[in-house]
file upload32.cif (mmCIF, C-alpha atoms)
data_entry
loop_
_atom_site.label_atom_id
_atom_site.label_comp_id
_atom_site.auth_asym_id
_atom_site.auth_seq_id
_atom_site.Cartn_x
_atom_site.Cartn_y
_atom_site.Cartn_z
CA GLY A 14 0.00 0.00 0.00
CA LEU A 15 0.91 3.66 -0.14
CA GLY A 16 1.78 3.72 3.55
CA GLU A 17 4.87 1.63 2.91
CA LYS A 18 6.06 3.96 0.15
CA ALA A 19 5.02 7.28 1.66
CA ASP A 20 8.56 8.14 2.74
CA ARG A 21 9.59 8.08 -0.93
CA VAL A 22 6.75 10.30 -2.11
CA VAL A 23 6.63 14.10 -2.15
CA PHE A 24 3.09 15.12 -1.25
CA SER A 25 1.89 18.46 -2.57
CA THR A 26 -1.00 20.84 -1.95
CA HIS A 27 -2.91 22.69 -4.67
CA CYS A 28 -5.52 24.88 -3.02
CA GLN A 29 -8.04 27.18 -4.67
CA ASN A 30 -9.22 30.29 -2.83
CA ASP A 31 -12.99 29.96 -3.28
CA LEU A 32 -13.58 30.35 0.48
CA GLY A 33 -10.54 32.52 1.17
CA LEU A 34 -8.72 29.60 2.81
CA SER A 35 -6.14 28.63 0.19
CA THR A 36 -3.13 29.86 2.17
CA ALA A 37 -4.41 28.35 5.44
CA ASN A 38 -5.13 24.99 3.80
CA SER A 39 -1.74 24.96 2.07
CA ILE A 40 0.11 25.60 5.31
CA ALA A 41 -2.02 23.02 7.13
CA GLY A 42 -1.05 20.49 4.49
CA ALA A 43 2.62 21.35 4.94
CA ALA A 44 2.29 21.01 8.71
CA HIS A 45 0.98 17.47 8.23
CA GLY A 46 3.62 16.25 5.80
CA ALA A 47 3.24 17.94 2.41
CA ARG A 48 6.59 19.22 1.17
CA GLN A 49 5.47 20.92 -2.04
CA ILE A 50 3.02 23.82 -2.07
CA GLU A 51 1.64 24.83 -5.47
CA CYS A 52 0.95 28.55 -5.40
CA THR A 53 1.05 31.65 -7.59
CA ILE A 54 2.39 35.20 -7.39
CA ASN A 55 -0.35 37.56 -6.17
CA GLY A 56 -2.65 34.54 -5.84
CA ILE A 57 -3.73 34.73 -9.49
CA GLY A 58 -5.55 31.74 -10.92
CA GLU A 59 -8.90 30.26 -11.91
CA ARG A 60 -12.06 31.62 -10.27
CA ALA A 61 -11.06 33.17 -6.93
CA GLY A 62 -7.39 32.35 -7.49
CA ASN A 63 -4.82 30.06 -5.90
CA ALA A 64 -2.79 30.14 -2.73
CA ALA A 65 -0.60 33.26 -2.86
CA LEU A 66 3.12 32.52 -2.88
CA GLU A 67 3.96 35.66 -0.91
CA GLU A 68 1.54 34.72 1.89
CA VAL A 69 2.86 31.17 2.17
CA VAL A 70 6.50 32.29 2.10
CA MET A 71 6.10 34.96 4.77
CA ALA A 72 3.92 32.77 6.99
CA LEU A 73 6.60 30.08 7.03
CA ALA A 74 9.43 32.62 7.34
CA LEU A 75 7.82 34.26 10.38
CA LYS A 76 6.08 31.30 12.03
CA GLY A 77 8.04 28.27 10.82
CA PRO A 78 10.34 28.03 13.86
CA THR A 79 7.54 28.53 16.41
CA HIS A 80 4.37 27.04 14.94
CA PHE A 81 5.58 24.13 12.80
CA GLY A 82 7.89 21.21 13.32
CA ALA A 83 8.51 20.16 16.94
CA LYS A 84 6.60 23.15 18.27
CA GLY A 85 3.73 22.81 15.82
CA PRO A 86 0.38 21.05 16.08
CA CYS A 87 1.93 17.68 15.14
CA GLY A 88 4.70 18.03 17.72
CA GLU A 89 7.34 16.51 15.47
CA GLY A 90 9.30 16.98 12.27
CA PRO A 91 11.70 19.71 11.11
CA ASP A 92 10.90 23.43 11.21
CA LEU A 93 9.30 24.35 7.90
CA ARG A 94 11.00 26.85 5.63
CA THR A 95 11.40 27.71 1.95
CA GLY A 96 14.43 28.57 -0.16
CA ILE A 97 12.90 31.83 -1.32
CA ASP A 98 14.53 35.17 -0.48
CA PRO A 99 11.57 37.36 0.60
CA VAL A 100 13.32 40.57 -0.50
CA HIS A 101 12.34 39.73 -4.09
CA ILE A 102 8.62 39.48 -3.33
CA THR A 103 7.62 43.08 -4.08
CA PRO A 104 9.57 43.44 -7.35
CA THR A 105 8.24 40.08 -8.56
CA SER A 106 4.68 41.00 -7.61
CA ASN A 107 4.98 44.27 -9.55
CA MET A 108 6.41 42.48 -12.56
CA VAL A 109 3.53 39.97 -12.65
CA LYS A 110 1.02 42.81 -12.23
CA GLU A 111 2.48 44.69 -15.18
CA TYR A 112 2.87 41.68 -17.49
CA THR A 113 -0.63 40.30 -16.84
CA GLY A 114 -2.47 43.62 -16.48
CA MET A 115 -4.18 42.16 -13.38
CA ALA A 116 -4.27 44.73 -10.58
CA VAL A 117 -3.60 43.71 -6.97
CA GLN A 118 -6.38 44.69 -4.57
CA PRO A 119 -5.20 47.43 -2.18
CA HIS A 120 -5.89 45.37 0.95
CA LYS A 121 -4.13 42.24 -0.34
CA ALA A 122 -1.90 40.76 2.34
CA ILE A 123 1.86 41.33 1.92
CA VAL A 124 1.80 43.07 -1.50
CA GLY A 125 -1.33 45.25 -1.41
CA ALA A 126 -0.85 49.02 -1.61
CA ASN A 127 -2.35 49.42 1.89
CA ALA A 128 -0.46 46.54 3.51
CA PHE A 129 1.94 48.93 5.27
CA GLN A 130 -0.23 52.06 5.42
CA HIS A 131 -1.40 53.39 8.78
CA GLU A 132 -4.15 56.03 8.90
CA SER A 133 -6.00 55.81 12.20
CA GLY A 134 -4.63 57.90 15.06
CA ILE A 135 -4.03 55.05 17.47
CA HIS A 136 -2.21 53.06 14.78
CA GLN A 137 -0.03 56.00 13.87
CA ASP A 138 0.79 56.60 17.52
CA GLY A 139 1.76 52.97 17.96
CA MET A 140 3.91 53.02 14.81
CA ILE A 141 5.75 56.13 15.96
CA LYS A 142 6.55 54.50 19.30
CA ASN A 143 7.38 51.03 17.99
CA LYS A 144 6.82 49.77 14.43
CA GLN A 145 6.44 46.19 15.69
CA THR A 146 3.19 47.22 17.39
CA TYR A 147 1.25 46.78 14.14
CA GLU A 148 3.75 45.31 11.67
CA ILE A 149 4.59 41.63 11.97
CA MET A 150 7.17 42.17 9.24
CA THR A 151 8.96 45.19 7.82
CA PRO A 152 8.26 46.38 4.28
CA GLU A 153 12.02 46.27 3.67
CA SER A 154 12.01 42.51 4.35
CA ILE A 155 9.86 41.96 1.23
CA GLY A 156 11.74 44.43 -0.93
CA LEU A 157 9.49 47.46 -0.34
CA MET A 158 11.63 50.40 0.73
CA ARG A 159 9.86 52.75 3.14
CA GLY A 160 10.69 55.94 1.21
CA ASP A 161 10.63 59.47 2.53
CA GLN A 162 10.47 61.00 -0.96
CA GLN A 163 14.24 61.34 -0.90
CA SER A 164 17.18 59.23 -1.86
CA GLY A 165 18.84 57.46 1.03
CA ALA A 166 21.72 59.83 0.39
CA GLY A 167 19.45 62.83 1.09
CA ILE A 168 19.11 63.78 -2.59
CA VAL A 169 15.77 65.10 -3.83
CA LEU A 170 15.23 63.90 -7.39
CA GLY A 171 14.07 66.72 -9.67
CA LYS A 172 14.67 68.22 -13.09
CA HIS A 173 18.28 69.11 -12.25
CA SER A 174 19.18 65.61 -11.05
CA GLY A 175 21.71 63.63 -13.03
CA ARG A 176 21.79 60.05 -14.19
CA ASN A 177 23.94 58.93 -11.27
CA ALA A 178 21.42 60.22 -8.70
CA VAL A 179 18.56 58.40 -10.45
CA SER A 180 20.65 55.23 -10.74
CA THR A 181 21.55 55.39 -7.03
CA ARG A 182 17.93 55.67 -5.92
CA LEU A 183 16.81 52.88 -8.24
CA ASN A 184 19.53 50.65 -6.77
CA GLU A 185 18.30 51.54 -3.27
CA LEU A 186 14.81 50.51 -4.35
CA GLY A 187 16.12 47.13 -5.50
CA TYR A 188 16.31 47.65 -9.28
CA GLU A 189 19.41 46.39 -11.08
CA LEU A 190 19.23 47.73 -14.61
CA ASP A 191 21.58 47.51 -17.56
CA ASP A 192 22.82 50.69 -19.22
CA ASP A 193 20.23 50.69 -22.01
CA LYS A 194 17.26 50.33 -19.67
CA LEU A 195 18.70 52.87 -17.25
CA GLN A 196 19.16 55.36 -20.07
CA ALA A 197 15.57 54.87 -21.26
CA ILE A 198 14.26 55.45 -17.74
CA PHE A 199 16.49 58.49 -17.27
CA ILE A 200 15.20 60.08 -20.48
CA ARG A 201 11.61 59.57 -19.32
CA PHE A 202 12.58 60.87 -15.86
CA LYS A 203 13.88 64.13 -17.31
CA GLU A 204 10.74 64.56 -19.44
CA VAL A 205 8.45 64.13 -16.43
CA ALA A 206 10.64 66.12 -14.00
CA GLU A 207 10.48 69.16 -16.28
CA ARG A 208 6.70 69.27 -15.79
CA LYS A 209 6.32 68.05 -12.21
CA LYS A 210 7.12 70.48 -9.43
CA GLY A 211 8.60 69.24 -6.17
CA GLY A 212 10.54 66.37 -7.72
CA LEU A 213 9.68 62.70 -8.17
CA ASP A 214 9.16 60.35 -5.24
CA ASP A 215 9.66 56.60 -5.10
CA ASP A 216 6.19 55.77 -6.48
CA ASP A 217 6.83 58.02 -9.48
CA LEU A 218 10.17 56.32 -10.17
CA GLU A 219 8.66 52.85 -9.92
CA ALA A 220 5.88 53.86 -12.31
CA LEU A 221 8.53 54.90 -14.83
CA VAL A 222 10.34 51.59 -14.35
CA ALA A 223 7.13 49.69 -15.03
CA ASP A 224 6.47 51.87 -18.07
CA GLU A 225 9.90 51.33 -19.63
CA VAL A 226 11.20 47.98 -18.38
CA TYR A 227 8.08 45.79 -18.27
CA SER A 228 6.70 46.85 -21.66
CA ALA A 229 7.33 44.80 -24.77
CA GLN A 230 10.25 45.67 -27.02
CA ALA A 231 8.98 48.64 -28.96
CA MET A 232 7.96 48.17 -32.57
CA TRP A 233 6.22 51.52 -32.52
CA ARG A 234 7.36 54.32 -30.21
CA LEU A 235 5.22 57.27 -29.15
CA GLU A 236 6.97 60.55 -29.90
CA ARG A 237 4.26 63.18 -29.42
CA VAL A 238 0.53 63.49 -28.90
CA GLN A 239 -1.47 66.70 -29.04
CA VAL A 240 -5.23 66.99 -28.57
CA THR A 241 -7.88 69.64 -29.03
CA THR A 242 -11.02 69.15 -26.97
CA GLY A 243 -13.68 70.96 -24.99
CA SER A 244 -17.38 71.80 -25.06
CA GLY A 245 -18.61 72.62 -28.57
CA VAL A 246 -15.39 71.23 -30.11
CA VAL A 247 -14.93 67.93 -31.90
CA PRO A 248 -12.10 66.14 -30.00
CA THR A 249 -9.13 65.82 -32.33
CA ALA A 250 -5.75 64.20 -31.75
CA THR A 251 -2.46 64.49 -33.62
CA VAL A 252 -0.11 61.61 -32.88
CA ALA A 253 3.50 61.07 -33.96
CA LEU A 254 4.93 57.54 -33.87
CA THR A 255 8.29 56.16 -34.91
CA GLY A 256 7.82 52.86 -36.70
CA PRO A 257 9.91 49.67 -36.91
CA ASP A 258 11.83 51.20 -39.82
CA GLY A 259 12.88 54.20 -37.74
CA VAL A 260 10.73 56.63 -39.72
CA GLU A 261 8.49 59.04 -37.83
CA ARG A 262 4.90 59.24 -39.02
CA GLN A 263 2.03 61.51 -37.99
CA GLY A 264 -1.68 60.81 -37.91
CA VAL A 265 -4.77 62.86 -37.13
CA ALA A 266 -8.12 61.52 -36.01
CA MET A 267 -11.35 62.63 -34.35
CA GLY A 268 -13.21 60.79 -31.63
CA THR A 269 -15.78 60.96 -28.88
CA GLY A 270 -13.10 62.30 -26.53
CA PRO A 271 -9.38 63.11 -26.54
CA VAL A 272 -8.30 59.57 -25.61
CA ASP A 273 -10.60 57.97 -28.20
CA ALA A 274 -9.23 60.35 -30.85
CA ALA A 275 -5.65 59.49 -29.91
CA TYR A 276 -6.39 55.75 -30.07
CA LYS A 277 -7.97 56.09 -33.51
CA ALA A 278 -4.91 57.97 -34.75
CA ILE A 279 -2.66 55.20 -33.40
CA ASP A 280 -4.84 52.56 -35.10
CA ALA A 281 -4.48 54.37 -38.42
CA LEU A 282 -0.69 54.68 -38.11
CA THR A 283 -0.02 51.08 -37.03
CA SER A 284 -2.69 49.47 -39.26
CA VAL A 285 -3.61 47.22 -36.35
CA LYS A 286 -7.29 46.71 -35.62
CA VAL A 287 -8.16 45.92 -32.01
CA HIS A 288 -11.07 46.05 -29.58
CA LEU A 289 -10.38 48.00 -26.40
CA GLU A 290 -11.63 45.58 -23.75
CA THR A 291 -10.69 47.38 -20.53
CA TYR A 292 -9.33 50.83 -19.69
CA SER A 293 -8.41 52.00 -16.22
CA MET A 294 -6.44 54.86 -14.75
CA GLU A 295 -5.15 55.57 -11.28
CA SER A 296 -3.12 58.29 -9.66
CA VAL A 297 0.37 57.21 -8.62
CA ASN A 298 0.27 59.59 -5.64
CA ALA A 299 -1.74 62.53 -4.30
CA GLY A 300 -1.94 66.05 -5.66
CA ILE A 301 -2.98 67.88 -8.80
CA GLU A 302 0.46 67.27 -10.37
CA ALA A 303 0.50 63.55 -9.61
CA MET A 304 1.50 61.08 -12.28
CA ALA A 305 -1.21 58.93 -13.80
CA THR A 306 -0.80 55.26 -14.68
CA THR A 307 -3.11 53.90 -17.37
CA LYS A 308 -3.73 50.20 -17.99
CA VAL A 309 -5.48 48.83 -21.06
CA VAL A 310 -6.36 45.37 -22.37
CA VAL A 311 -7.01 44.85 -26.07
CA ASN A 312 -7.86 41.93 -28.30
CA PRO A 313 -7.50 41.81 -32.09
CA VAL A 314 -10.52 42.26 -34.35
CA ASP A 315 -9.32 39.16 -36.23
CA SER A 316 -9.39 37.20 -32.98
CA ALA A 317 -6.06 35.60 -32.11
CA THR A 318 -6.39 32.32 -30.23
CA SER A 319 -4.09 30.11 -28.20
CA LEU A 320 -4.42 26.59 -26.86
CA HIS A 321 -5.25 26.46 -23.15
CA SER A 322 -3.63 23.81 -20.94
CA SER A 323 -7.08 22.26 -20.46
CA GLY A 324 -7.33 21.55 -24.19
CA TYR A 325 -9.62 24.36 -25.39
CA THR A 326 -8.75 27.51 -27.29
CA THR A 327 -9.03 30.97 -25.78
CA SER A 328 -9.00 34.43 -27.31
CA ARG A 329 -5.67 36.14 -26.80
CA LYS A 330 -5.63 39.45 -24.95
CA PHE A 331 -2.79 41.92 -24.73
CA SER A 332 -2.23 44.39 -21.91
CA GLY A 333 -0.26 47.60 -21.77
CA SER A 334 0.49 50.28 -19.21
CA GLY A 335 1.80 53.82 -19.43
CA SER A 336 2.63 56.61 -16.99
CA ASP A 337 2.81 60.36 -17.37
CA THR A 338 1.67 63.57 -15.69
CA ASP A 339 -0.62 64.09 -18.72
CA VAL A 340 -3.51 61.62 -18.74
CA VAL A 341 -3.78 61.61 -22.54
CA VAL A 342 -0.07 60.86 -22.94
CA SER A 343 -0.34 58.17 -20.27
CA SER A 344 -3.28 56.63 -22.12
CA ALA A 345 -1.50 56.74 -25.47
CA ARG A 346 1.63 55.11 -24.06
CA ALA A 347 -0.44 52.27 -22.57
CA TYR A 348 -2.26 51.69 -25.87
CA VAL A 349 0.97 51.65 -27.90
CA ALA A 350 2.50 49.17 -25.42
CA ALA A 351 -0.46 46.79 -25.86
CA VAL A 352 -0.33 47.12 -29.66
CA ASN A 353 3.40 46.35 -29.61
CA LYS A 354 2.73 43.14 -27.67
CA LEU A 355 0.11 42.12 -30.24
CA ILE A 356 2.47 42.81 -33.16
CA ARG A 357 5.26 40.82 -31.48
CA TRP A 358 2.92 37.88 -30.88
CA ASN A 359 1.75 37.94 -34.52
CA MET A 360 5.38 37.93 -35.68
CA ARG A 361 6.24 34.91 -33.50
CA ARG A 362 3.14 33.06 -34.65
CA ALA A 363 3.89 33.77 -38.33
CA ALA A 364 7.48 32.55 -37.88
CA ALA A 365 6.27 29.36 -36.20
CA GLU A 366 3.75 28.69 -38.99
CA GLN A 367 6.47 29.21 -41.60
CA VAL A 368 8.72 26.67 -39.88
CA GLU A 369 5.84 24.18 -39.69
CA ALA A 370 5.09 24.67 -43.40
CA GLN A 371 8.73 24.05 -44.32
CA GLU A 372 8.85 20.88 -42.24
CA ALA A 373 5.56 19.53 -43.69
#
call {"tool": "encode", "arguments": {"input": "upload32.cif", "output": "structure tokens"}}
result
Amino acid sequence: GLGEKADRVVFSTHCQNDLGLSTANSIAGAAHGARQIECTINGIGERAGNAALEEVVMALALKGPTHFGAKGPCGEGPDLRTGIDPVHITPTSNMVKEYTGMAVQPHKAIVGANAFQHESGIHQDGMIKNKQTYEIMTPESIGLMRGDQQSGAGIVLGKHSGRNAVSTRLNELGYELDDDKLQAIFIRFKEVAERKKGGLDDDDLEALVADEVYSAQAMWRLERVQVTTGSGVVPTATVALTGPDGVERQGVAMGTGPVDAAYKAIDALTSVKVHLETYSMESVNAGIEAMATTKVVVNPVDSATSLHSSGYTTSRKFSGSGSDTDVVVSSARAYVAAVNKLIRWNMRRAAAEQVEAQEA
């Protein structure tokens, strides 16, 4: 029977979150002998999602020595731990969020935007006196630097800041970038800093990183966008894009609003026909001069499909995000990023079909 061979078997847990108990059930399974926990970043998955990797990792990191193993409910066995370095949790969560276009709810444990925010008076008083009063872990332990809108070296990042200052702060925030990516971010930093008074804080910088680093390799690059809109005026957008051949092209279109007009101009320039499935925008931080981050999801008019692991085909969707102090520019950057992903996917599919045809 299985009992005789159990010591040679690695038992695993695979828990869905339909009742909000996926993390608890996964850890309970580990406490009773399972040595493999199947989980996902940010808890993404079918229906209500799967057990969240970040929750499992931090629960074992913080409670493994005291609540599992010899001191746990079973009273025996080794202390449970993982081989994951928690300092990579926040950057990985952000990367998955940007690539999938799936936002993380603000109150999500560990990686939610509010996970380390304290608003009520009694909480703030406790935090001032001792951070351990309300924080079982530090944000720094999961790779989230508790910024004070300054570099750790005391440098305020603004329009006069140089590349070295930006590079230093990005390193402090946990980003290791090659020269090309750093240069792209620095160019965008200077563009935004010229228009944003008071300098850029950590959230602004991370929005620029997401905009430049996590987007697909550009086939089309947004150069300029100008709109005319208002009451009694037909919204009109003029858009300039640099194409794959390095030639800059301009397009003009009208729409129901400035963003719609800009999107129609981009459609005309790229000759890509898509349906805009979702569009969302959020402020990176507070204030009238705050940066805006736009997220869009598109699918092609000539529906692209892919084979799902369960054996059925699904319609492909492509997400994009963009950030800027101008909401129209932010929206246009997000749309171009999504279109670039679609073009890249079409190119890979065409190349694969060509190889298959040659082998047939």
call {"tool": "resolve_selection", "arguments": {"input": "upload32.cif", "expression": "the PyMOL selection byres ((chain A and resi 47-54) around 8)", "output": "PyMOL selection string"}}
result
chain A and resi 23-28+39+42-46+55-58+63-67+105-106+109
call {"tool": "resolve_selection", "arguments": {"input": "upload32.cif", "expression": "the PyMOL selection byres ((chain A and resi 357) around 12)", "output": "compact mmCIF listing (two decimals) with C-alpha atoms, keeping the file's coordinate frame"}}
result
# COMPACT_ATOMS: atom_id res chain seq x y z
CA SER A 228 6.70 46.85 -21.66
CA ALA A 229 7.33 44.80 -24.77
CA GLN A 230 10.25 45.67 -27.02
CA ALA A 231 8.98 48.64 -28.96
CA MET A 232 7.96 48.17 -32.57
CA TRP A 233 6.22 51.52 -32.52
CA PRO A 257 9.91 49.67 -36.91
CA VAL A 285 -3.61 47.22 -36.35
CA PHE A 331 -2.79 41.92 -24.73
CA ALA A 350 2.50 49.17 -25.42
CA ALA A 351 -0.46 46.79 -25.86
CA VAL A 352 -0.33 47.12 -29.66
CA ASN A 353 3.40 46.35 -29.61
CA LYS A 354 2.73 43.14 -27.67
CA LEU A 355 0.11 42.12 -30.24
CA ILE A 356 2.47 42.81 -33.16
CA TRP A 358 2.92 37.88 -30.88
CA ASN A 359 1.75 37.94 -34.52
CA MET A 360 5.38 37.93 -35.68
CA ARG A 361 6.24 34.91 -33.50
CA ARG A 362 3.14 33.06 -34.65
CA ALA A 363 3.89 33.77 -38.33
CA ALA A 364 7.48 32.55 -37.88
call {"tool": "residues_around", "arguments": {"input": "upload32.cif", "residues": "Lys308 in chain A", "least_positions_apart": "3", "cutoff": "12 Å", "atoms": "all atoms listed in the file", "output": "ChimeraX atom specification"}}
result
/A:110-116,220,223-224,228,289-296,305,311,331-336,340,343-351
call {"tool": "closest_residue", "arguments": {"input": "upload32.cif", "among": "A:Asn184, A:Gln29, A:Ser154, A:Gln130", "to": "Ile102 in chain A", "atoms": "all atoms listed in the file"}}
result
A:Ser154
call {"tool": "atom_distance", "arguments": {"input": "upload32.cif", "atom1": "CA of Asp273 in chain A", "atom2": "CA of Met304 in chain A"}}
result
20.2 Å
call {"tool": "atom_distance", "arguments": {"input": "upload32.cif", "atom1": "CA of Arg329 in chain A", "atom2": "CA of Arg60 in chain A"}}
result
18.3 Å
call {"tool": "resolve_selection", "arguments": {"input": "upload32.cif", "expression": "the PyMOL selection byres ((chain A and resi 222) around 12)", "output": "PyMOL selection string"}}
result
chain A and resi 104+107-108+111+179-180+183-184+186-190+194-202+215-221+223-228+306+334-337
call {"tool": "atom_distance", "arguments": {"input": "upload32.cif", "atom1": "CA of Lys277 in chain A", "atom2": "CA of Pro248 in chain A"}}
result
11.4 Å
call {"tool": "residues_near_point", "arguments": {"input": "upload32.cif", "point": "(9.1, 46.9, 2.5)", "cutoff": "12 Å", "atoms": "only C-alpha atoms", "output": "PyMOL selection string"}}
result
chain A and resi 99-104+123-130+148-160+185-187
